[in-house]
>>> print(open('query33.csv').read())   # CSV, C-alpha atoms
chain,number,residue,atom,x,y,z
A,19,MET,CA,-69.7,38.0,-85.7
A,20,THR,CA,-69.2,36.6,-89.2
A,21,ASP,CA,-71.4,34.0,-90.8
A,22,ARG,CA,-68.6,31.5,-90.5
A,23,GLN,CA,-68.3,32.1,-86.7
A,24,LEU,CA,-72.0,31.9,-86.3
A,25,ASN,CA,-72.1,28.6,-88.2
A,26,ALA,CA,-69.3,27.2,-86.1
A,27,LEU,CA,-70.9,28.3,-82.8
A,28,LEU,CA,-74.2,26.7,-83.7
A,29,ALA,CA,-72.8,23.5,-85.3
A,30,ASP,CA,-70.7,22.9,-82.1
A,31,HIS,CA,-73.7,23.5,-80.0
A,32,TYR,CA,-75.8,21.0,-82.0
A,33,ASP,CA,-72.9,18.5,-81.7
A,34,ARG,CA,-72.8,18.9,-78.0
A,35,ILE,CA,-76.5,18.5,-77.4
A,36,ASN,CA,-77.4,14.9,-78.2
A,37,HIS,CA,-80.0,12.7,-76.8
A,38,PRO,CA,-78.5,9.9,-74.6
A,39,PRO,CA,-77.9,7.1,-77.0
A,40,GLN,CA,-80.4,4.3,-77.2
A,41,PRO,CA,-79.2,0.7,-77.4
A,42,GLU,CA,-78.6,-0.1,-81.0
A,43,PRO,CA,-81.1,-2.6,-82.4
A,44,ASP,CA,-79.7,-6.0,-83.3
A,45,PHE,CA,-80.6,-6.2,-86.9
A,46,ASN,CA,-80.1,-10.0,-87.0
A,47,LEU,CA,-82.9,-10.4,-84.5
A,48,ILE,CA,-85.5,-8.3,-86.1
A,49,PRO,CA,-88.3,-10.7,-87.1
A,50,ALA,CA,-89.5,-8.4,-89.9
A,51,LEU,CA,-86.2,-8.8,-91.7
A,52,ASN,CA,-86.0,-12.5,-90.9
A,53,LYS,CA,-89.5,-13.0,-92.3
A,54,LEU,CA,-88.5,-11.1,-95.5
A,55,LYS,CA,-85.4,-13.3,-95.8
A,56,SER,CA,-87.5,-16.4,-95.4
A,57,GLN,CA,-89.8,-15.1,-98.1
A,58,ILE,CA,-87.0,-14.3,-100.5
A,59,SER,CA,-84.8,-17.3,-100.0
A,60,PRO,CA,-87.0,-19.9,-101.6
A,61,CYS,CA,-87.0,-17.8,-104.8
A,62,LEU,CA,-83.3,-17.9,-105.0
A,63,LYS,CA,-83.1,-21.7,-105.0
A,64,PRO,CA,-84.3,-23.9,-107.9
A,65,ILE,CA,-87.4,-25.7,-107.0
A,66,ALA,CA,-86.5,-29.3,-106.4
A,67,ARG,CA,-88.9,-31.8,-108.0
A,68,ARG,CA,-90.3,-34.3,-105.7
A,69,LYS,CA,-89.6,-37.8,-106.7
A,70,LYS,CA,-92.7,-39.8,-107.4
A,71,PRO,CA,-93.1,-42.5,-104.9
A,72,GLU,CA,-92.3,-46.0,-106.2
A,73,PRO,CA,-95.5,-47.9,-106.7
A,74,GLN,CA,-96.0,-50.5,-104.0
A,75,PRO,CA,-96.2,-54.0,-105.2
B,27,MET,CA,-109.8,-13.2,-86.0
B,28,THR,CA,-110.3,-12.5,-89.7
B,29,TYR,CA,-107.6,-12.8,-92.3
B,30,ASN,CA,-107.6,-9.0,-92.8
B,31,GLN,CA,-107.2,-8.4,-89.0
B,32,THR,CA,-104.3,-10.8,-88.9
B,33,LEU,CA,-102.7,-9.1,-91.9
B,34,ASN,CA,-103.1,-5.6,-90.4
B,35,GLN,CA,-101.6,-6.7,-87.1
B,36,SER,CA,-98.6,-8.2,-88.9
B,37,ILE,CA,-98.1,-5.0,-90.9
B,38,LEU,CA,-98.3,-2.8,-87.8
B,39,GLY,CA,-95.9,-5.0,-86.0
B,40,ASP,CA,-93.3,-4.7,-88.8
B,41,ARG,CA,-93.8,-1.0,-88.9
B,42,ALA,CA,-93.3,-0.6,-85.2
B,43,GLU,CA,-90.0,-2.5,-85.5
B,44,ILE,CA,-88.8,-0.3,-88.3
B,45,LEU,CA,-89.7,2.8,-86.3
B,46,GLU,CA,-87.8,1.4,-83.3
B,47,CYS,CA,-84.7,1.2,-85.4
B,48,HIS,CA,-85.0,5.0,-86.1
B,49,ARG,CA,-85.8,6.1,-82.5
B,50,SER,CA,-82.3,7.3,-81.6
B,51,GLU,CA,-82.0,9.4,-84.8
B,52,SER,CA,-85.5,10.8,-84.3
B,53,LEU,CA,-84.8,11.7,-80.7
B,54,ARG,CA,-81.7,13.6,-81.7
B,55,LEU,CA,-83.5,15.4,-84.5
B,56,ALA,CA,-86.4,16.4,-82.2
B,57,LEU,CA,-84.0,17.5,-79.4
B,58,ARG,CA,-82.0,19.7,-81.8
B,59,ILE,CA,-85.2,21.4,-83.0
B,60,THR,CA,-87.0,21.8,-79.7
B,61,GLY,CA,-84.0,22.2,-77.4
B,62,ASN,CA,-85.6,20.1,-74.7
B,63,ALA,CA,-85.0,16.4,-74.0
B,64,THR,CA,-88.4,15.7,-72.4
B,65,VAL,CA,-90.2,17.5,-75.1
B,66,ALA,CA,-88.2,15.6,-77.7
B,67,GLU,CA,-89.4,12.3,-76.2
B,68,ASP,CA,-93.0,13.5,-76.4
B,69,VAL,CA,-92.6,14.7,-79.9
B,70,VAL,CA,-91.1,11.4,-81.1
B,71,GLN,CA,-93.8,9.4,-79.3
B,72,SER,CA,-96.6,11.4,-81.1
B,73,ALA,CA,-94.7,11.2,-84.4
B,74,PHE,CA,-94.4,7.4,-84.1
B,75,LEU,CA,-98.1,7.2,-83.3
B,76,ARG,CA,-98.9,9.2,-86.4
B,77,LEU,CA,-96.6,7.0,-88.5
B,78,LEU,CA,-98.2,3.8,-87.1
B,79,GLN,CA,-101.6,5.1,-88.3
B,80,ALA,CA,-100.4,6.5,-91.6
B,81,PRO,CA,-102.4,5.0,-94.4
B,82,ASN,CA,-99.7,5.6,-97.0
B,83,PHE,CA,-96.5,4.5,-95.2
B,84,PRO,CA,-93.8,3.9,-97.8
B,85,VAL,CA,-92.3,0.5,-98.7
B,86,LEU,CA,-88.8,1.3,-99.8
B,87,ILE,CA,-86.1,2.1,-97.2
B,88,PRO,CA,-84.9,5.5,-98.5
B,89,GLU,CA,-88.6,6.7,-98.7
B,90,ILE,CA,-89.2,5.3,-95.2
B,91,ILE,CA,-86.3,7.3,-93.8
B,92,ARG,CA,-87.5,10.5,-95.5
B,93,TYR,CA,-91.0,9.9,-94.3
B,94,ILE,CA,-89.9,9.4,-90.7
B,95,ARG,CA,-87.7,12.5,-90.7
B,96,ARG,CA,-90.5,14.6,-92.2
B,97,THR,CA,-93.0,13.5,-89.6
B,98,VAL,CA,-90.6,14.0,-86.7
B,99,THR,CA,-89.8,17.5,-88.1
B,100,ASN,CA,-93.4,18.4,-88.5
B,101,CYS,CA,-94.3,17.2,-85.0
B,102,SER,CA,-91.5,19.3,-83.6
B,103,ILE,CA,-92.7,22.3,-85.6
B,104,ASP,CA,-96.2,21.8,-84.3
B,105,HIS,CA,-94.8,21.7,-80.8
B,106,LEU,CA,-92.9,25.0,-81.3
B,107,ARG,CA,-95.9,26.7,-82.8
B,108,TYR,CA,-98.7,25.6,-80.5
B,109,GLN,CA,-97.1,24.6,-77.1
B,110,ASN,CA,-95.9,28.0,-75.9
B,111,PRO,CA,-92.2,27.5,-76.5
B,112,HIS,CA,-91.2,30.3,-74.1
B,113,ALA,CA,-92.8,28.5,-71.2
B,114,GLU,CA,-90.3,25.8,-70.9
B,115,LEU,CA,-87.0,27.4,-71.6
B,116,SER,CA,-84.0,25.3,-72.1
B,117,GLU,CA,-83.3,24.0,-68.6
B,118,ASN,CA,-84.0,20.5,-69.8
B,119,LEU,CA,-80.9,20.0,-72.0
B,120,PRO,CA,-78.8,16.9,-71.6
B,121,ASN,CA,-75.5,17.3,-69.9
B,122,THR,CA,-72.9,18.9,-72.2
B,123,GLU,CA,-69.3,19.8,-72.0
B,124,ASN,CA,-70.1,23.5,-71.9
B,125,PRO,CA,-73.5,23.8,-70.1
B,126,GLN,CA,-73.5,27.6,-69.6
B,127,LEU,CA,-72.8,28.3,-73.3
B,128,ASP,CA,-75.3,25.7,-74.5
B,129,LEU,CA,-78.0,27.2,-72.2
B,130,GLU,CA,-77.3,30.7,-73.5
B,131,ILE,CA,-77.4,29.5,-77.2
B,132,ASN,CA,-80.6,27.5,-76.5
B,133,GLN,CA,-82.2,30.6,-74.9
B,134,ALA,CA,-81.4,32.6,-78.0
B,135,LEU,CA,-82.6,29.9,-80.3
B,136,SER,CA,-85.9,29.7,-78.4
B,137,GLN,CA,-86.6,33.3,-79.3
B,138,LEU,CA,-86.4,32.6,-83.0
B,139,ALA,CA,-89.5,32.0,-85.1
B,140,PRO,CA,-90.2,28.2,-85.3
B,141,ASP,CA,-89.4,28.1,-89.1
B,142,HIS,CA,-86.0,29.7,-88.5
B,143,ARG,CA,-85.2,27.5,-85.5
B,144,VAL,CA,-86.0,24.4,-87.5
B,145,ILE,CA,-84.0,25.3,-90.6
B,146,LEU,CA,-80.9,26.0,-88.4
B,147,ALA,CA,-81.3,22.7,-86.7
B,148,LEU,CA,-81.7,20.8,-90.0
B,149,HIS,CA,-78.8,22.6,-91.8
B,150,LEU,CA,-76.2,23.1,-89.0
B,151,GLY,CA,-77.2,20.4,-86.6
B,152,GLU,CA,-78.2,17.5,-88.9
B,153,GLY,CA,-76.1,18.6,-91.8
B,154,TYR,CA,-78.9,18.4,-94.4
B,155,SER,CA,-78.3,19.9,-97.8
B,156,TYR,CA,-80.6,22.6,-99.2
B,157,ARG,CA,-82.3,19.9,-101.3
B,158,GLU,CA,-82.9,17.6,-98.3
B,159,ILE,CA,-84.3,20.5,-96.3
B,160,ALA,CA,-86.6,21.5,-99.2
B,161,ASP,CA,-87.8,17.9,-99.4
B,162,THR,CA,-88.3,17.6,-95.6
B,163,LEU,CA,-90.2,20.9,-95.2
B,164,SER,CA,-91.9,20.7,-98.6
B,165,ILE,CA,-90.7,24.2,-99.6
B,166,PRO,CA,-88.7,25.4,-102.7
B,167,MET,CA,-84.9,25.5,-102.5
B,168,GLY,CA,-85.0,29.3,-102.9
B,169,THR,CA,-87.1,29.6,-99.8
B,170,VAL,CA,-84.6,27.4,-97.9
B,171,ALA,CA,-81.8,29.7,-98.8
B,172,SER,CA,-83.6,32.9,-97.9
B,173,ARG,CA,-85.1,31.4,-94.7
B,174,LEU,CA,-81.6,30.3,-93.7
B,175,ASN,CA,-80.2,33.8,-94.2
B,176,GLN,CA,-83.0,35.3,-92.2
B,177,ALA,CA,-82.5,32.8,-89.4
B,178,ARG,CA,-78.8,33.5,-89.3
B,179,SER,CA,-79.3,37.3,-89.1
B,180,GLU,CA,-82.1,37.0,-86.5
B,181,PHE,CA,-79.9,34.7,-84.3
B,182,LYS,CA,-76.9,37.1,-84.8
B,183,LYS,CA,-78.9,40.0,-83.6
B,184,LEU,CA,-80.1,38.2,-80.5
B,185,TRP,CA,-76.6,36.8,-79.7
B,186,GLU,CA,-74.9,40.2,-80.1
B,187,ALA,CA,-77.6,42.0,-78.0
B,188,LYS,CA,-77.3,39.7,-75.0
>>> encode(input="query33.csv", output="structure tokens")
Amino acid sequence: MTDRQLNALLADHYDRINHPPQPEPDFNLIPALNKLKSQISPCLKPIARRKKPEPQP
Amino acid sequence: MTYNQTLNQSILGDRAEILECHRSESLRLALRITGNATVAEDVVQSAFLRLLQAPNFPVLIPEIIRYIRRTVTNCSIDHLRYQNPHAELSENLPNTENPQLDLEINQALSQLAPDHRVILALHLGEGYSYREIADTLSIPMGTVASRLNQARSEFKKLWEAK
């Protein structure tokens, strides 16, 4: 058996044995990422100055 | 609850979510190293527990991925070294297209030294480069090359003798 044949035999074996796939996580729903997004997004917008309230007569 | 307790809980929660995203990949890696689906689940569970408690869990994504792979690999090696690998021979493989061949290969792999079994799984199963293997196992690249050669010839002997 040559090295190439051995590599192919084992690579095919490793390809065939695979754990049953787990459901893919929905990245949009991961709160950690959402929290990060909410922390970053204010930094991307200019801070709006609050208008001073008009003095009441 | 104090501020620090709240902060710790929040960090652990985030870490658990990150780990969940890597569960599938970790299970596949552990299965390829140990050759047993049930053991792979146990290995990943103990690796994740170790990762949840790790004081120096990295912050950047590439480092996190490397850290998770390294921990899962180390837990798999621990299993191969200390849990009597010959006791639970390869009956617990997932269904494959060629079950008889896979069982025979798995039986031959289970007779290899743990270091050799791991390096074959990382290189030929996961497709890691020599550098990635050196990083995962914390060994020099020259050792990766020589260990891979030894693993190949050890497997070849076993395979041809059967």
>>> interface_residues(input="query33.csv", of="chain B", to="chain A", cutoff="9 Å", atoms="all atoms listed in the file", output="PyMOL selection string")
chain B and resi 39-41+43-44+46-47+49-51+53-55+57-58+61+63+66+119-124+127-128+131-132+146-147+149-153+178-179+181-182+186
>>> closest_residue(input="query33.csv", among="B:Leu86, B:Leu45, B:Ile91, B:Ile59", to="Phe74 in chain B", atoms="only C-alpha atoms")
B:Leu45
>>> residues_around(input="query33.csv", residues="Ala177 in chain B", least_positions_apart="5", cutoff="10 Å", atoms="all atoms listed in the file", output="list in words")
Leu135, Leu138, Ala139, Pro140, Asp141, His142, Arg143, Val144, Ile145, Leu146, Ala171, Ser172, Lys182 and Lys183 of chain B
>>> write_last_selection(input="query33.csv", atoms="C-alpha atoms", output="CSV table (one decimal), in the frame of the given file")
chain,number,residue,atom,x,y,z
B,135,LEU,CA,-82.6,29.9,-80.3
B,138,LEU,CA,-86.4,32.6,-83.0
B,139,ALA,CA,-89.5,32.0,-85.1
B,140,PRO,CA,-90.2,28.2,-85.3
B,141,ASP,CA,-89.4,28.1,-89.1
B,142,HIS,CA,-86.0,29.7,-88.5
B,143,ARG,CA,-85.2,27.5,-85.5
B,144,VAL,CA,-86.0,24.4,-87.5
B,145,ILE,CA,-84.0,25.3,-90.6
B,146,LEU,CA,-80.9,26.0,-88.4
B,171,ALA,CA,-81.8,29.7,-98.8
B,172,SER,CA,-83.6,32.9,-97.9
B,182,LYS,CA,-76.9,37.1,-84.8
B,183,LYS,CA,-78.9,40.0,-83.6
>>> atom_distance(input="query33.csv", atom1="CA of Met167 in chain B", atom2="CA of Val65 in chain B")
29.0 Å
>>> atom_distance(input="query33.csv", atom1="CA of Leu184 in chain B", atom2="CA of Gln137 in chain B")
8.2 Å
>>> atom_distance(input="query33.csv", atom1="CA of Ile159 in chain B", atom2="CA of Pro88 in chain B")
15.2 Å
>>> closest_residue(input="query33.csv", among="B:Thr99, B:Thr60, B:Ser136, B:Asn175", to="Ala73 in chain B", atoms="only C-alpha atoms")
B:Thr99
>>> residues_near_point(input="query33.csv", point="(-91.5, 8.8, -88.9)", cutoff="8 Å", atoms="all atoms listed in the file", output="PDB file with C-alpha atoms, in the frame of the given file")
ATOM      1  CA  LEU B  45     -89.700   2.800 -86.300  1.00  0.00           C
ATOM      2  CA  SER B  52     -85.500  10.800 -84.300  1.00  0.00           C
ATOM      3  CA  ALA B  73     -94.700  11.200 -84.400  1.00  0.00           C
ATOM      4  CA  PHE B  74     -94.400   7.400 -84.100  1.00  0.00           C
ATOM      5  CA  ARG B  76     -98.900   9.200 -86.400  1.00  0.00           C
ATOM      6  CA  LEU B  77     -96.600   7.000 -88.500  1.00  0.00           C
ATOM      7  CA  ILE B  90     -89.200   5.300 -95.200  1.00  0.00           C
ATOM      8  CA  ILE B  91     -86.300   7.300 -93.800  1.00  0.00           C
ATOM      9  CA  ARG B  92     -87.500  10.500 -95.500  1.00  0.00           C
ATOM     10  CA  TYR B  93     -91.000   9.900 -94.300  1.00  0.00           C
ATOM     11  CA  ILE B  94     -89.900   9.400 -90.700  1.00  0.00           C
ATOM     12  CA  ARG B  95     -87.700  12.500 -90.700  1.00  0.00           C
ATOM     13  CA  ARG B  96     -90.500  14.600 -92.200  1.00  0.00           C
ATOM     14  CA  THR B  97     -93.000  13.500 -89.600  1.00  0.00           C
ATOM     15  CA  VAL B  98     -90.600  14.000 -86.700  1.00  0.00           C
TER      16      VAL B  98
END
